[in-house]
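Reproduced below: query10.txt, with compact mmCIF, C-alpha atoms and all ligand atoms.
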```txt
# COMPACT_ATOMS: atom_id res chain seq x y z
CA MET W 17 51.84 39.00 -47.67
CA ILE W 18 48.47 40.69 -48.40
CA HIS W 19 46.46 39.20 -51.27
CA LEU W 20 45.08 41.90 -53.54
CA VAL W 21 42.43 41.94 -56.26
CA VAL W 22 42.47 44.89 -58.66
CA ILE W 23 39.29 45.72 -60.62
CA GLY W 24 39.73 47.75 -63.80
CA ALA W 25 43.15 46.11 -64.03
CA LYS W 26 43.76 47.07 -67.67
CA GLY W 27 42.91 50.74 -67.18
CA ARG W 28 45.20 53.68 -66.44
CA MET W 29 44.74 53.46 -62.66
CA GLY W 30 44.53 49.65 -62.46
CA THR W 31 47.85 49.38 -64.31
CA ALA W 32 49.48 51.95 -61.98
CA VAL W 33 48.23 50.10 -58.85
CA LEU W 34 49.52 46.74 -60.11
CA GLU W 35 52.90 48.26 -61.00
CA GLN W 36 53.31 49.85 -57.56
CA ALA W 37 52.13 46.67 -55.78
CA ARG W 38 54.70 44.58 -57.68
CA ARG W 39 57.39 47.16 -56.92
CA ALA W 40 56.57 47.09 -53.17
CA GLY W 41 57.11 43.33 -53.13
CA ASP W 42 54.88 42.40 -50.19
CA TRP W 43 51.61 42.16 -52.13
CA GLY W 44 50.29 38.91 -53.60
CA ILE W 45 48.22 39.58 -56.73
CA ALA W 46 45.11 37.39 -56.27
CA GLY W 47 43.23 38.75 -59.29
CA GLU W 48 43.43 41.21 -62.16
CA ILE W 49 39.82 41.79 -63.16
CA ASP W 50 38.65 43.70 -66.22
CA GLN W 51 35.71 43.46 -68.65
CA GLY W 52 34.48 39.86 -68.93
CA ASP W 53 36.51 38.40 -66.03
CA ALA W 54 34.87 36.48 -63.15
CA LEU W 55 34.68 38.60 -60.02
CA LYS W 56 33.33 36.16 -57.43
CA SER W 57 36.06 33.53 -57.64
CA ALA W 58 38.79 36.21 -57.43
CA LEU W 59 37.24 37.60 -54.24
CA THR W 60 37.43 34.22 -52.50
CA ARG W 61 41.24 34.33 -52.88
CA SER W 62 41.70 37.95 -51.71
CA ASP W 63 42.35 39.84 -48.47
CA VAL W 64 41.36 43.19 -49.99
CA THR W 65 40.13 44.63 -53.28
CA ILE W 66 40.96 47.92 -55.02
CA ASP W 67 38.38 49.06 -57.56
CA PHE W 68 39.29 51.53 -60.33
CA SER W 69 36.77 50.31 -62.95
CA SER W 70 33.75 52.55 -63.56
CA HIS W 71 31.00 54.19 -61.53
CA GLU W 72 28.45 51.75 -62.99
CA PHE W 73 30.41 48.65 -61.94
CA THR W 74 31.43 49.72 -58.43
CA PRO W 75 27.99 48.99 -56.84
CA VAL W 76 28.27 45.42 -58.20
CA VAL W 77 31.82 45.13 -56.79
CA ALA W 78 30.71 46.56 -53.42
CA GLU W 79 27.77 44.15 -53.13
CA ALA W 80 29.93 41.16 -54.10
CA SER W 81 32.58 42.23 -51.54
CA ALA W 82 29.93 42.58 -48.83
CA LYS W 83 28.64 39.11 -49.65
CA ALA W 84 32.15 37.66 -49.51
CA GLY W 85 32.98 39.65 -46.36
CA LYS W 86 36.08 41.23 -47.96
CA PRO W 87 37.37 44.78 -47.39
CA LEU W 88 37.19 47.18 -50.33
CA VAL W 89 38.92 50.35 -51.53
CA VAL W 90 36.71 52.34 -53.92
CA GLY W 91 38.60 54.59 -56.32
CA THR W 92 35.97 55.24 -59.00
CA THR W 93 34.21 58.60 -59.24
CA GLY W 94 31.08 60.00 -60.88
CA HIS W 95 28.51 57.80 -59.09
CA GLY W 96 24.85 58.77 -59.31
CA PRO W 97 22.69 58.89 -56.14
CA GLU W 98 21.39 55.32 -56.61
CA GLU W 99 24.92 53.97 -57.17
CA SER W 100 26.23 55.88 -54.12
CA HIS W 101 23.41 54.47 -52.01
CA ARG W 102 24.21 50.89 -53.02
CA ILE W 103 27.93 51.37 -52.28
CA ARG W 104 27.22 52.96 -48.89
CA ARG W 105 24.81 50.13 -47.96
CA ALA W 106 27.49 47.54 -48.76
CA GLY W 107 29.84 49.54 -46.51
CA GLU W 108 27.62 48.72 -43.52
CA LYS W 109 28.81 45.09 -43.78
CA ILE W 110 32.51 45.46 -44.62
CA PRO W 111 35.30 47.97 -43.98
CA MET W 112 35.56 50.24 -47.04
CA VAL W 113 37.74 53.23 -47.91
CA TRP W 114 35.93 55.41 -50.45
CA ALA W 115 37.88 58.40 -51.67
CA PRO W 116 37.55 60.60 -54.75
CA ASN W 117 41.29 61.20 -54.58
CA PHE W 118 43.99 59.06 -52.96
CA SER W 119 46.82 61.58 -53.09
CA THR W 120 48.26 62.72 -49.77
CA GLY W 121 48.43 66.34 -50.96
CA VAL W 122 44.78 66.48 -51.96
CA ASN W 123 43.65 65.02 -48.65
CA LEU W 124 45.69 67.64 -46.87
CA LEU W 125 44.00 70.17 -49.18
CA PHE W 126 40.59 68.93 -47.95
CA TYR W 127 41.75 69.61 -44.40
CA LEU W 128 43.13 73.08 -45.27
CA VAL W 129 40.03 74.11 -47.24
CA ARG W 130 37.84 73.13 -44.27
CA LYS W 131 39.98 75.31 -42.04
CA ALA W 132 40.13 78.25 -44.52
CA THR W 133 36.35 78.24 -45.03
CA ALA W 134 35.79 78.42 -41.28
CA VAL W 135 38.39 81.14 -40.68
CA LEU W 136 37.60 83.35 -43.71
CA GLY W 137 33.82 83.16 -43.28
CA GLY W 138 31.00 84.22 -45.60
CA GLU W 139 32.71 87.44 -46.78
CA PHE W 140 34.94 85.40 -49.08
CA ASP W 141 33.67 84.05 -52.41
CA VAL W 142 34.80 80.49 -53.18
CA GLU W 143 35.48 79.24 -56.70
CA ILE W 144 36.86 75.79 -57.54
CA VAL W 145 38.58 75.10 -60.87
CA GLU W 146 39.70 71.64 -61.95
CA ALA W 147 41.53 70.44 -65.06
CA HIS W 148 41.94 66.85 -66.30
CA HIS W 149 42.97 64.93 -69.41
CA ARG W 150 40.65 64.80 -72.40
CA ARG W 151 39.52 61.18 -71.77
CA LYS W 152 38.01 61.77 -68.33
CA ARG W 153 34.34 60.76 -68.44
CA ASP W 154 32.79 62.61 -65.50
CA ALA W 155 32.68 66.33 -64.69
CA PRO W 156 33.27 68.01 -62.38
CA SER W 157 35.89 65.70 -60.88
CA GLY W 158 35.03 63.79 -57.71
CA THR W 159 37.74 65.82 -55.99
CA ALA W 160 36.23 69.18 -57.04
CA ARG W 161 32.84 67.93 -55.87
CA ARG W 162 34.32 66.89 -52.49
CA LEU W 163 36.05 70.28 -52.11
CA ALA W 164 32.71 72.02 -52.79
CA GLU W 165 30.95 69.68 -50.36
CA ILE W 166 33.45 70.61 -47.63
CA VAL W 167 32.83 74.34 -48.18
CA ALA W 168 29.05 73.77 -48.13
CA GLU W 169 29.29 71.59 -44.99
CA VAL W 170 31.28 74.24 -43.08
CA ARG W 171 28.83 76.94 -44.21
CA GLY W 172 25.82 74.79 -43.23
CA MET W 173 24.42 74.86 -46.77
CA ALA W 174 23.12 72.23 -49.20
CA LEU W 175 25.65 71.86 -52.04
CA GLU W 176 22.91 71.30 -54.66
CA LYS W 177 21.61 74.81 -53.91
CA ALA W 178 25.01 76.53 -53.64
CA ALA W 179 26.85 74.89 -56.57
CA ARG W 180 27.27 77.05 -59.68
CA HIS W 181 28.63 74.97 -62.56
CA GLY W 182 30.18 77.39 -65.05
CA ARG W 183 28.70 80.69 -66.17
CA GLU W 184 27.63 82.08 -69.55
CA GLY W 185 25.34 84.69 -71.00
CA GLU W 186 24.21 87.14 -68.36
CA PRO W 187 24.31 85.35 -65.03
CA GLY W 188 24.12 88.70 -63.23
CA PRO W 189 25.95 89.62 -60.03
CA ARG W 190 27.42 86.75 -58.09
CA LYS W 191 25.42 85.64 -55.05
CA ALA W 192 27.45 85.43 -51.84
CA GLU W 193 26.40 81.84 -51.13
CA GLU W 194 27.45 80.51 -54.56
CA ILE W 195 30.24 77.95 -54.77
CA GLY W 196 31.60 78.16 -58.32
CA ILE W 197 32.76 74.86 -59.88
CA HIS W 198 34.47 74.83 -63.27
CA ALA W 199 35.87 71.91 -65.28
CA ILE W 200 38.59 72.08 -67.93
CA ARG W 201 39.33 69.05 -70.16
CA ALA W 202 42.58 69.16 -72.12
CA GLY W 203 45.51 67.05 -73.23
CA GLN W 204 47.02 64.67 -70.71
CA ILE W 205 46.60 66.68 -67.48
CA VAL W 206 46.67 64.14 -64.62
CA GLY W 207 44.77 66.37 -62.19
CA LEU W 208 44.86 70.05 -61.29
CA HIS W 209 42.67 71.59 -58.56
CA THR W 210 42.54 75.24 -57.55
CA VAL W 211 40.41 76.59 -54.70
CA LEU W 212 40.17 80.35 -54.70
CA PHE W 213 38.94 82.42 -51.77
CA ALA W 214 38.38 86.07 -52.79
CA GLY W 215 37.44 88.54 -50.08
CA PRO W 216 37.64 92.22 -49.29
CA GLY W 217 41.07 93.34 -50.49
CA GLU W 218 42.73 89.91 -50.74
CA VAL W 219 42.73 86.59 -52.55
CA LEU W 220 43.93 83.28 -51.15
CA GLU W 221 44.53 80.40 -53.57
CA PHE W 222 45.28 76.74 -52.92
CA VAL W 223 46.65 74.78 -55.87
CA HIS W 224 47.29 71.05 -56.09
CA ARG W 225 48.86 69.47 -59.14
CA ALA W 226 49.06 65.70 -59.53
CA GLU W 227 52.06 64.95 -61.71
CA SER W 228 51.60 61.21 -62.16
CA ARG W 229 49.06 58.52 -61.33
CA ASP W 230 51.59 56.95 -58.96
CA THR W 231 50.38 59.27 -56.19
CA PHE W 232 46.83 57.82 -56.49
CA ALA W 233 48.13 54.25 -56.82
CA LEU W 234 50.39 54.50 -53.75
CA GLY W 235 47.56 56.13 -51.76
CA ALA W 236 45.11 53.39 -52.75
CA LEU W 237 47.63 50.72 -51.66
CA ARG W 238 48.15 52.56 -48.36
CA ALA W 239 44.35 52.60 -47.88
CA ALA W 240 44.17 48.88 -48.71
CA ARG W 241 46.81 48.03 -46.09
CA TRP W 242 45.00 50.20 -43.52
CA VAL W 243 41.47 48.88 -44.14
CA VAL W 244 42.26 45.17 -43.59
CA GLY W 245 41.01 44.23 -40.12
CA LYS W 246 39.03 47.46 -39.50
CA PRO W 247 35.39 47.28 -38.29
CA PRO W 248 32.72 47.62 -41.00
CA GLY W 249 32.04 51.18 -42.13
CA VAL W 250 32.78 53.67 -44.87
CA TYR W 251 36.09 55.43 -44.25
CA THR W 252 37.77 58.29 -46.12
CA MET W 253 41.40 58.84 -47.07
CA GLU W 254 41.47 61.51 -44.36
CA ASP W 255 40.79 58.67 -41.87
CA VAL W 256 43.64 56.65 -43.38
CA LEU W 257 46.04 59.60 -43.05
CA GLY W 258 44.88 60.45 -39.52
CA LEU W 259 43.59 63.89 -40.57
CA THR W 260 40.13 63.48 -38.99
P1 LIG W 301 40.28 53.75 -67.51
O1 LIG W 301 39.15 53.90 -68.48
O2 LIG W 301 41.68 53.90 -68.00
O3 LIG W 301 40.19 52.31 -66.79
C1 LIG W 301 39.01 51.71 -66.38
C2 LIG W 301 39.17 50.20 -66.56
O4 LIG W 301 38.04 49.57 -65.95
C3 LIG W 301 39.17 49.77 -68.04
O5 LIG W 301 40.24 48.87 -68.30
C4 LIG W 301 37.81 49.11 -68.22
O6 LIG W 301 37.83 48.06 -69.18
C5 LIG W 301 37.55 48.57 -66.80
N1 LIG W 301 36.12 48.37 -66.58
C6 LIG W 301 35.11 49.24 -66.81
N2 LIG W 301 33.93 48.65 -66.53
C7 LIG W 301 34.21 47.39 -66.11
C8 LIG W 301 33.40 46.30 -65.71
N3 LIG W 301 32.06 46.36 -65.73
N4 LIG W 301 34.02 45.16 -65.34
C9 LIG W 301 35.38 45.05 -65.34
N5 LIG W 301 36.19 46.06 -65.75
C10 LIG W 301 35.61 47.22 -66.12
O7 LIG W 301 39.97 54.76 -66.34
P2 LIG W 301 40.99 55.33 -65.22
O8 LIG W 301 41.54 56.62 -65.69
O9 LIG W 301 41.88 54.24 -64.77
O10 LIG W 301 39.94 55.71 -64.07
C11 LIG W 301 39.10 54.73 -63.50
C12 LIG W 301 38.22 55.37 -62.44
O11 LIG W 301 39.03 55.86 -61.35
C13 LIG W 301 37.42 56.59 -62.93
O12 LIG W 301 36.18 56.58 -62.27
C14 LIG W 301 38.27 57.76 -62.48
O13 LIG W 301 37.54 58.96 -62.33
C15 LIG W 301 38.78 57.24 -61.16
N6 LIG W 301 40.01 57.86 -60.63
C16 LIG W 301 40.08 58.02 -59.29
C17 LIG W 301 41.23 58.47 -58.69
C18 LIG W 301 41.29 58.55 -57.19
O14 LIG W 301 42.33 58.96 -56.63
N7 LIG W 301 40.21 58.16 -56.49
C19 LIG W 301 42.34 58.80 -59.48
C20 LIG W 301 42.25 58.63 -60.87
C21 LIG W 301 41.08 58.14 -61.43
```

Rewrite the coordinates I just gave you, this time as structure tokens.
Ligand code: NAD
Amino acid sequence: MIHLVVIGAKGRMGTAVLEQARRAGDWGIAGEIDQGDALKSALTRSDVTIDFSSHEFTPVVAEASAKAGKPLVVGTTGHGPEESHRIRRAGEKIPMVWAPNFSTGVNLLFYLVRKATAVLGGEFDVEIVEAHHRRKRDAPSGTARRLAEIVAEVRGMALEKAARHGREGEPGPRKAEEIGIHAIRAGQIVGLHTVLFAGPGEVLEFVHRAESRDTFALGALRAARWVVGKPPGVYTMEDVLGLT
């Protein structure tokens, strides 16, 4: 039995993770932490922690996990540079899986987009469109950002220079190096990502639709099982799935 602590336990994702862990039957729930609960004592009882709280709290969770020497799965998104730096530094001391999206399909999409960018080359314009439910706090989604990062990495460009977040007024002709990123917020959409490659005479589109949070919850539990016993370092879901 693996002893699990869930942070953000009362939230949409925390609830889904706890439900799937209970259904699987071989997880011991060592802590369900939400606002106002003690983190440190829960960590002493755990083998691994899954954090789906908020981008502000994750650096605190990462530092506490590093201090306790406990593996961590980071599910939150929307971290600023300072927050990302603190999380990454904690990941030098403990094994950590940090993924903007735990679904198997999306991680396969990362792989396919890397391949498509390399094969199609600079002649193809890339635009990324994401849609999420109306309560989502950050935009664009961590997944859209990661997709854009992959395109920029393959093209040897800095994403901050290439990213084009929405367009209005008279933006003028599109520059070849732009990576368009567009966020839709509506209703209860769990997660929809489209990556569009438009080139001379043809368009290739990849679409991923998350239909329930269970895909993220099951992926996070798979990552948690995988990360226990690994050497310190920051791993991705692509590592967990053997796609790297
Ligand atoms: P939510 O608002 O439903 O849940 C967040 C929970 O965390 C709430 O219960 C809140 O009280 C708790 N929380 C916030 N700050 C806390 C703190 N300081 N201490 C303790 N508890 C705290 O949000 P959600 O939809 O479950 O999403 C949570 C995070 O996970 C977001 O960053 C979201 O973008 C991300 N997310 C990631 C994936 C993925 O696959 N990586 C999938 C879905 C959502």

Check: Would you name the residues within 9 Å of ligand LIG 301 (chain W), counting all atoms listed in the file, and put them as a ChimeraX atom specification?
Finding: /W:23-32,49-55,67-74,76-77,90-95,114-119,151-154,157-159,206-207,229,231-233,235-236

Would you export the selected residues with C-alpha atoms as an mmCIF file, in the frame of the given file, please?
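For reference, again_19.cif as written:
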```cif
data_model
loop_
_atom_site.group_PDB
_atom_site.id
_atom_site.type_symbol
_atom_site.label_atom_id
_atom_site.label_comp_id
_atom_site.auth_asym_id
_atom_site.auth_seq_id
_atom_site.Cartn_x
_atom_site.Cartn_y
_atom_site.Cartn_z
ATOM 1 C CA ILE W 23 39.290 45.720 -60.620
ATOM 2 C CA GLY W 24 39.730 47.750 -63.800
ATOM 3 C CA ALA W 25 43.150 46.110 -64.030
ATOM 4 C CA LYS W 26 43.760 47.070 -67.670
ATOM 5 C CA GLY W 27 42.910 50.740 -67.180
ATOM 6 C CA ARG W 28 45.200 53.680 -66.440
ATOM 7 C CA MET W 29 44.740 53.460 -62.660
ATOM 8 C CA GLY W 30 44.530 49.650 -62.460
ATOM 9 C CA THR W 31 47.850 49.380 -64.310
ATOM 10 C CA ALA W 32 49.480 51.950 -61.980
ATOM 11 C CA ILE W 49 39.820 41.790 -63.160
ATOM 12 C CA ASP W 50 38.650 43.700 -66.220
ATOM 13 C CA GLN W 51 35.710 43.460 -68.650
ATOM 14 C CA GLY W 52 34.480 39.860 -68.930
ATOM 15 C CA ASP W 53 36.510 38.400 -66.030
ATOM 16 C CA ALA W 54 34.870 36.480 -63.150
ATOM 17 C CA LEU W 55 34.680 38.600 -60.020
ATOM 18 C CA ASP W 67 38.380 49.060 -57.560
ATOM 19 C CA PHE W 68 39.290 51.530 -60.330
ATOM 20 C CA SER W 69 36.770 50.310 -62.950
ATOM 21 C CA SER W 70 33.750 52.550 -63.560
ATOM 22 C CA HIS W 71 31.000 54.190 -61.530
ATOM 23 C CA GLU W 72 28.450 51.750 -62.990
ATOM 24 C CA PHE W 73 30.410 48.650 -61.940
ATOM 25 C CA THR W 74 31.430 49.720 -58.430
ATOM 26 C CA VAL W 76 28.270 45.420 -58.200
ATOM 27 C CA VAL W 77 31.820 45.130 -56.790
ATOM 28 C CA VAL W 90 36.710 52.340 -53.920
ATOM 29 C CA GLY W 91 38.600 54.590 -56.320
ATOM 30 C CA THR W 92 35.970 55.240 -59.000
ATOM 31 C CA THR W 93 34.210 58.600 -59.240
ATOM 32 C CA GLY W 94 31.080 60.000 -60.880
ATOM 33 C CA HIS W 95 28.510 57.800 -59.090
ATOM 34 C CA TRP W 114 35.930 55.410 -50.450
ATOM 35 C CA ALA W 115 37.880 58.400 -51.670
ATOM 36 C CA PRO W 116 37.550 60.600 -54.750
ATOM 37 C CA ASN W 117 41.290 61.200 -54.580
ATOM 38 C CA PHE W 118 43.990 59.060 -52.960
ATOM 39 C CA SER W 119 46.820 61.580 -53.090
ATOM 40 C CA ARG W 151 39.520 61.180 -71.770
ATOM 41 C CA LYS W 152 38.010 61.770 -68.330
ATOM 42 C CA ARG W 153 34.340 60.760 -68.440
ATOM 43 C CA ASP W 154 32.790 62.610 -65.500
ATOM 44 C CA SER W 157 35.890 65.700 -60.880
ATOM 45 C CA GLY W 158 35.030 63.790 -57.710
ATOM 46 C CA THR W 159 37.740 65.820 -55.990
ATOM 47 C CA VAL W 206 46.670 64.140 -64.620
ATOM 48 C CA GLY W 207 44.770 66.370 -62.190
ATOM 49 C CA ARG W 229 49.060 58.520 -61.330
ATOM 50 C CA THR W 231 50.380 59.270 -56.190
ATOM 51 C CA PHE W 232 46.830 57.820 -56.490
ATOM 52 C CA ALA W 233 48.130 54.250 -56.820
ATOM 53 C CA GLY W 235 47.560 56.130 -51.760
ATOM 54 C CA ALA W 236 45.110 53.390 -52.750
#
```

Checklist line | 7 Å contact set for His209 in chain W, only C-alpha atoms, chain neighbours under 6 positions out, as a VMD selection string | finding: chain W and resid 145 to 147 223 to 225

Check: Could you tell me, as a VMD selection string, which residues have any atom at most 7 Å from (41.0, 68.9, -72.4), counting only C-alpha atoms?
Finding: chain W and resid 148 to 150 200 to 203

Kindly export the residues of the current selection with C-alpha atoms, as a PDB file, keeping the file's coordinate frame.
```pdb
ATOM      1  CA  HIS W 148      41.940  66.850 -66.300  1.00  0.00           C
ATOM      2  CA  HIS W 149      42.970  64.930 -69.410  1.00  0.00           C
ATOM      3  CA  ARG W 150      40.650  64.800 -72.400  1.00  0.00           C
ATOM      4  CA  ILE W 200      38.590  72.080 -67.930  1.00  0.00           C
ATOM      5  CA  ARG W 201      39.330  69.050 -70.160  1.00  0.00           C
ATOM      6  CA  ALA W 202      42.580  69.160 -72.120  1.00  0.00           C
ATOM      7  CA  GLY W 203      45.510  67.050 -73.230  1.00  0.00           C
TER       8      GLY W 203
END
```

Check: What is the distance between CA of Trp43 in chain W and CA of Val244 in chain W, in Å to one decimal?
Finding: 13.0 Å

Residues within 7 Å of range 121-126 of chain W, only C-alpha atoms, excluding chain neighbours under 6 positions, as a PDB file with C-alpha atoms, in the frame of the given file:
```pdb
ATOM      1  CA  LEU W 163      36.050  70.280 -52.110  1.00  0.00           C
ATOM      2  CA  HIS W 224      47.290  71.050 -56.090  1.00  0.00           C
ATOM      3  CA  MET W 253      41.400  58.840 -47.070  1.00  0.00           C
ATOM      4  CA  GLU W 254      41.470  61.510 -44.360  1.00  0.00           C
TER       5      GLU W 254
END
```

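Nearest-residue note for His101 in chain W: choosing from W:Gly196, W:Glu221, W:Ala78, W:Gly137, the minimum distance belongs to W:Ala78, counting only C-alpha atoms.
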
Checklist line | Separation of CA of Leu237 in chain W from CA of Ser57 in chain W, in Å and rounded to one decimal | finding: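 Between CA of Leu237 in chain W and CA of Ser57 in chain W the gap works out to 21.6 Å.
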
Notebook entry, point to check: In Å to one decimal, how far is CA of Asp255 in chain W from CA of Ala168 in chain W?
Noted result: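 It comes out at 20.1 Å.
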
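Remark: for Val167 in chain W, the closest of the candidate residues W:Gly188, W:Arg38, W:His181, W:Ile197 is W:Ile197 (distances computed over all atoms listed in the file).
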